[in-house]
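Visitor: Just passing along the structure, written as C-alpha cells.
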Amino acid sequence: MKKPDILFLMCDQFRFDCIHALGNAGIDTPNLDRLAARGLTFSDAYSTCPVCVPARYTARTGCEPFHTGCYENETPKAMDGQPKEMRKRCGPYLAEAMRERGYETFGIGKFHTMPQFDEDLGYDLQLNTEELWATKEERAKDAFARFIAEEHPEYSHIEQLHGERTNMYYMPQQSPLPAELTVERFAAQEAVKQIGKNREKPYFGFVSFVGPHPPCAPPIPYNRYYNPDRMPLPRETDAAIDHMDEQIPWMNHLIWADGMNDFLIQNLKSRYYGEITYIDDCIGRILAAVEAGGNAENTLICFFSDHGDHLGDHHAWQKESYFEASCHVPFLLSWPARWQPGVCDQLVCLTDLFGIATAAAGDEELRDGHPVIRVLDGQEIRREYLFACYGRPGTPRFKCMVRSGSWKYIWLANGGREQLFDLSEHRREDELFNEIRPDILRQLRRTAERHCRREGLWQALAGTGFLEFPYEERPKMRIRQFDESSGVYEFIDKSSAMKHERSARL
C-alpha cells in the first residue's frame, strides 16, 4: 500500500464525553461524529501527565515525563544524569522522524514549548498560535497575532485575542473576534491550504487548536448556541474523597473558581459547549479539504486532546488530577483503507502517537509507547496496564495512577494518600474501594512502585515503597494572566490611579 497522508488534530482541554456520537446527546459535533463513523473510537485513552506542556512533549517525543523531564507545566529538566538536551534524551521530534521517513511536514497551532516560545520542532512549515505572549517580540512572532496585526489591524488593539483571563478565566464570555477571524478558524484555514498543496511526497500534518481551553469565549453565534438552563450540573460526589488530592482546592483558588455556583456553572458550560461546536465546524473544513484532495481513503486521521477539564466534577476545575474528567481523553483513529469503523477498548495514551505515526509510515518506532497498530492488526497483545505520573518525583507534588481492567489506583505523595476506584459503573469515581478490595489495592500499588524503579522516577520511592510526605496544604494564591506583551501585569491600583489622575490635573 502507498504511504498514507497522516493528519493529527489536537484540541486543548477537550473532555472525553463531549462528542455527540459517543453518547453526549446534549452537544452538537457533526464533523467529529463523521470522523468517528469512518474510524475507530478508543474508549480507554489517557493523557498520562494531564496538563498542557508535558502532554505536548509526550506527543512530540513518544516519551513519558521520566524521559522528557517535564512533569508538570514547567521548563523540562533532566533527572538522574540524563542528557540535558531533549532530543538527546528522547530522540528526534515527531516531525523530524516523519521527515526522515519521506514525509513533507507542517505544524500549525498551540505547541506550548518551554523555555523558548517558538522552539523549532522540525516541521517544514511551523506556524505557532499561542495563548499568551510575554513580550512584544513574542506577539510579533506569533502567526495568528501577526495575521491580525497585518490583515485585520482594526482588531489589533485587543489585549487578549482569545478572551479575557485572570479573574475571568472561568467566566462565560463571547469572543472579541468574529467567527471568521478567531485562532481556531485561522488554524483550520492554514491547514486547508497545506492539505490542498500539490506535492510529490505524502504529508504529515499536526493541527493544534487553542480551544476549548478557557476562557470559554465562543464567537457569535456559538455564544448563544446552548441554553444554560439545559446544561447538566456537575456530578454529586464526596468532597472529602475529591480533595484528597490537595492540588484541587489549591487550583480552584488559583484560577478564581473557588466560588462557583450552579448559575455560573451552567452558563460557563454552555459557552464551553459552544466553543466545542465551533471547533467542530473548523474541523469540518479540514475534513472537507481531505476529501477534496482525492486521497481520503488512504489518509490516517487521529483526533485527540492533551487532557480534559473537571468543569466542576469532583468539586474541581481545570485539570492535573487523575479523575477521568481530567486524564481520560477523546481518541479517534481513522484510516478507511485499512480499518473498518468500530469501538476499541484497548488502553492507549498520548505516548502511543509517535508509534502510530511512524508505523503508518512503514517504519515503527515506539519509544515509551505501545504498538497500537500491531495490536489492531492482531500481531501484538494489548497493553496490560497503564502507568501515569504527574509532579517531580521526590517532592510532595508527585502522584501517579495505574489503570488496569476496570480498576484505577492513585497514589498521592502529599500525605501518603491512595485511592482505588472501580470504573465499571459509569466511571463515577464516587466510592473508594480501598477497604472493599485491599487485594487489588496492594497489587496495583506494587505495580506502581515497580514501575518507579527506573531513571527519572526512583526518587518517588523510599526503600521498597513510595516516599510519602506529611500532608500539607500549599499557600493559596491567585493567577495573574494579563497582556504581558503590552506591559500589563496586574490590576490597576485604584489609589495610585486616582493620585496619578490628580497630579495630571494639577
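Following the order of the C-alpha cells, chains are lettered A, B, ..., residues in each are numbered from 1, and ligands are numbered from 1.
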Hey, what's within 6 Å of range 178-186 of chain A if we count only C-alpha atoms and toss same-chain stuff fewer than 2 positions away? As number ranges by chain, please?

Guide: A: 188-189, 209, 219, 282

Visitor: Please provide as a PyMOL selection string all residues within 6 Å of range 55-67 of chain A, with the sequence filter that same-chain residues fewer than 5 positions apart are discarded (counting only C-alpha atoms).

Guide: chain A and resi 49+93-94+306+350-351+354+367-368+456

Visitor: Near Glu291 in chain A, within 12 Å and counting only C-alpha atoms, which residues show up once chain neighbours fewer than 2 positions away are dropped, as a PyMOL selection string?

Guide: chain A and resi 5+35+192+195-196+284-289+293-299+301+336

Visitor: Please report, as JSON lines, each residue of range 224-342 of chain A lying at most 12 Å from range 412-433 of chain A, together with the nearest pair of atoms and the separation in Å rounded to one decimal; use only C-alpha atoms, and order rows by chain and ascending residue number.

Guide:
{"residue": "A:Pro234", "atom": "CA", "partner": "A:Arg428", "partner_atom": "CA", "distance": 11.3}
{"residue": "A:Arg235", "atom": "CA", "partner": "A:Arg428", "partner_atom": "CA", "distance": 8.2}
{"residue": "A:Glu236", "atom": "CA", "partner": "A:Asp430", "partner_atom": "CA", "distance": 8.1}
{"residue": "A:Thr237", "atom": "CA", "partner": "A:Asp430", "partner_atom": "CA", "distance": 5.3}
{"residue": "A:Asp238", "atom": "CA", "partner": "A:Asp430", "partner_atom": "CA", "distance": 6.5}
{"residue": "A:Ala239", "atom": "CA", "partner": "A:Asp430", "partner_atom": "CA", "distance": 9.4}
{"residue": "A:Ala240", "atom": "CA", "partner": "A:Asp430", "partner_atom": "CA", "distance": 10.3}
{"residue": "A:Ile241", "atom": "CA", "partner": "A:Asp430", "partner_atom": "CA", "distance": 7.7}
{"residue": "A:Asp242", "atom": "CA", "partner": "A:Asp430", "partner_atom": "CA", "distance": 8.3}
{"residue": "A:His243", "atom": "CA", "partner": "A:Arg417", "partner_atom": "CA", "distance": 10.9}
{"residue": "A:Met244", "atom": "CA", "partner": "A:Arg417", "partner_atom": "CA", "distance": 7.1}
{"residue": "A:Asp245", "atom": "CA", "partner": "A:Leu412", "partner_atom": "CA", "distance": 6.8}
{"residue": "A:Glu246", "atom": "CA", "partner": "A:Asn414", "partner_atom": "CA", "distance": 7.7}
{"residue": "A:Gln247", "atom": "CA", "partner": "A:Asn414", "partner_atom": "CA", "distance": 9.5}
{"residue": "A:Asp313", "atom": "CA", "partner": "A:Arg428", "partner_atom": "CA", "distance": 9.8}
{"residue": "A:His314", "atom": "CA", "partner": "A:Asp430", "partner_atom": "CA", "distance": 8.4}
{"residue": "A:His315", "atom": "CA", "partner": "A:Asp430", "partner_atom": "CA", "distance": 11.6}
{"residue": "A:Ser321", "atom": "CA", "partner": "A:Leu412", "partner_atom": "CA", "distance": 10.2}
{"residue": "A:Tyr322", "atom": "CA", "partner": "A:Leu412", "partner_atom": "CA", "distance": 10.2}
{"residue": "A:Phe323", "atom": "CA", "partner": "A:Glu429", "partner_atom": "CA", "distance": 7.4}
{"residue": "A:Glu324", "atom": "CA", "partner": "A:Arg427", "partner_atom": "CA", "distance": 7.3}
{"residue": "A:Ala325", "atom": "CA", "partner": "A:Arg427", "partner_atom": "CA", "distance": 9.6}
{"residue": "A:His328", "atom": "CA", "partner": "A:Arg427", "partner_atom": "CA", "distance": 10.3}

Visitor: For Ala360 in chain A, which of A:Asn73, A:Ser334, A:Ser208, A:Ser47 is the closest residue, counting only C-alpha atoms?

Guide: A:Ser334

Visitor: Tell me which of A:Ala37, A:Ala357, A:Ala337, A:Val329 sits closest to Gly308 in chain A, counting only C-alpha atoms.

Guide: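 Among the listed residues, A:Val329 lies closest to Gly308 in chain A.
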
Visitor: For Gln160 in chain A, work out the shell of residues within 10 Å, counting only C-alpha atoms and skipping chain neighbours fewer than 5 positions away, then give it as JSON, numbers by chain.

Guide: {"A": [131, 132, 133, 145, 165, 175, 176, 481, 482, 483, 484, 485]}

Visitor: Enumerate the residues of range 158-356 of chain A with a DSSP assignment of helix (DSSP H, G or I), computed from the backbone, and present them as an MDAnalysis selection string.

Guide: chainID A and resid 166:168 179:181 183:195 222:224 228:230 239:242 247:254 262:292 296:298 313:315 324:327 350:356

Visitor: May I have the residues from that selection written out with C-alpha atoms, as a tab-separated table (two decimals), in the first residue's frame?

Guide:
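Writing done, so here's result.tsv:
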chain	number	residue	atom	x	y	z
A	166	THR	CA	-7.14	36.16	35.22
A	167	ASN	CA	-10.37	36.57	37.27
A	168	MET	CA	-12.42	35.92	34.10
A	179	ALA	CA	-16.11	33.65	13.83
A	180	GLU	CA	-14.11	34.07	10.62
A	181	LEU	CA	-11.13	35.60	12.42
A	183	VAL	CA	-7.40	31.49	16.20
A	184	GLU	CA	-9.35	28.26	15.59
A	185	ARG	CA	-10.54	29.40	12.17
A	186	PHE	CA	-7.04	30.68	11.34
A	187	ALA	CA	-5.53	27.26	12.16
A	188	ALA	CA	-8.18	25.48	10.10
A	189	GLN	CA	-7.69	27.76	7.10
A	190	GLU	CA	-3.92	27.35	7.17
A	191	ALA	CA	-4.35	23.57	7.42
A	192	VAL	CA	-6.69	23.61	4.42
A	193	LYS	CA	-4.03	25.45	2.42
A	194	GLN	CA	-1.41	22.85	3.28
A	195	ILE	CA	-3.66	19.86	2.60
A	222	TYR	CA	-21.88	29.92	19.03
A	223	ASN	CA	-22.02	32.01	22.21
A	224	ARG	CA	-25.80	31.50	22.20
A	228	PRO	CA	-27.69	27.33	30.05
A	229	ASP	CA	-30.85	26.01	31.72
A	230	ARG	CA	-30.38	22.77	29.78
A	239	ALA	CA	-15.71	16.39	48.55
A	240	ALA	CA	-13.66	14.55	51.20
A	241	ILE	CA	-12.68	11.99	48.55
A	242	ASP	CA	-12.28	14.57	45.79
A	247	GLN	CA	-3.95	20.31	44.36
A	248	ILE	CA	-7.67	20.52	43.54
A	249	PRO	CA	-8.72	23.13	46.12
A	250	TRP	CA	-5.43	24.93	45.58
A	251	MET	CA	-6.06	25.09	41.83
A	252	ASN	CA	-9.68	26.18	42.30
A	253	HIS	CA	-8.47	29.21	44.21
A	254	LEU	CA	-5.57	29.84	41.85
A	262	ASP	CA	-24.99	26.37	39.77
A	263	PHE	CA	-25.95	29.50	37.82
A	264	LEU	CA	-22.35	30.24	36.83
A	265	ILE	CA	-21.56	26.60	36.12
A	266	GLN	CA	-24.43	26.19	33.68
A	267	ASN	CA	-23.63	29.47	31.94
A	268	LEU	CA	-19.98	28.52	31.66
A	269	LYS	CA	-20.74	25.04	30.38
A	270	SER	CA	-23.00	26.50	27.69
A	271	ARG	CA	-20.02	28.54	26.42
A	272	TYR	CA	-17.66	25.55	26.71
A	273	TYR	CA	-20.07	23.50	24.61
A	274	GLY	CA	-20.42	26.43	22.20
A	275	GLU	CA	-16.66	26.57	21.76
A	276	ILE	CA	-16.58	22.83	21.01
A	277	THR	CA	-19.32	23.11	18.39
A	278	TYR	CA	-17.44	25.99	16.80
A	279	ILE	CA	-14.19	24.00	16.72
A	280	ASP	CA	-16.13	21.10	15.25
A	281	ASP	CA	-17.14	23.42	12.40
A	282	CYS	CA	-13.46	24.30	11.89
A	283	ILE	CA	-12.56	20.61	11.85
A	284	GLY	CA	-15.29	20.09	9.26
A	285	ARG	CA	-13.48	22.44	6.90
A	286	ILE	CA	-10.28	20.43	7.33
A	287	LEU	CA	-12.10	17.14	6.70
A	288	ALA	CA	-13.67	18.63	3.58
A	289	ALA	CA	-10.19	19.52	2.30
A	290	VAL	CA	-9.02	15.95	2.93
A	291	GLU	CA	-11.99	14.59	0.99
A	292	ALA	CA	-11.46	17.06	-1.85
A	296	ALA	CA	-9.22	10.43	1.78
A	297	GLU	CA	-9.35	6.62	1.90
A	298	ASN	CA	-5.59	6.44	2.41
A	313	ASP	CA	-16.97	17.49	38.61
A	314	HIS	CA	-15.30	16.31	41.82
A	315	HIS	CA	-15.59	19.85	43.18
A	324	GLU	CA	-11.50	10.72	34.49
A	325	ALA	CA	-12.69	14.25	33.72
A	326	SER	CA	-9.06	15.37	33.71
A	327	CYS	CA	-6.99	12.48	32.31
A	350	LEU	CA	-0.69	10.14	24.07
A	351	THR	CA	2.67	8.39	24.28
A	352	ASP	CA	1.44	6.00	21.58
A	353	LEU	CA	1.02	8.73	18.96
A	354	PHE	CA	4.68	8.57	17.95
A	355	GLY	CA	4.46	4.85	17.27
A	356	ILE	CA	1.14	5.20	15.42
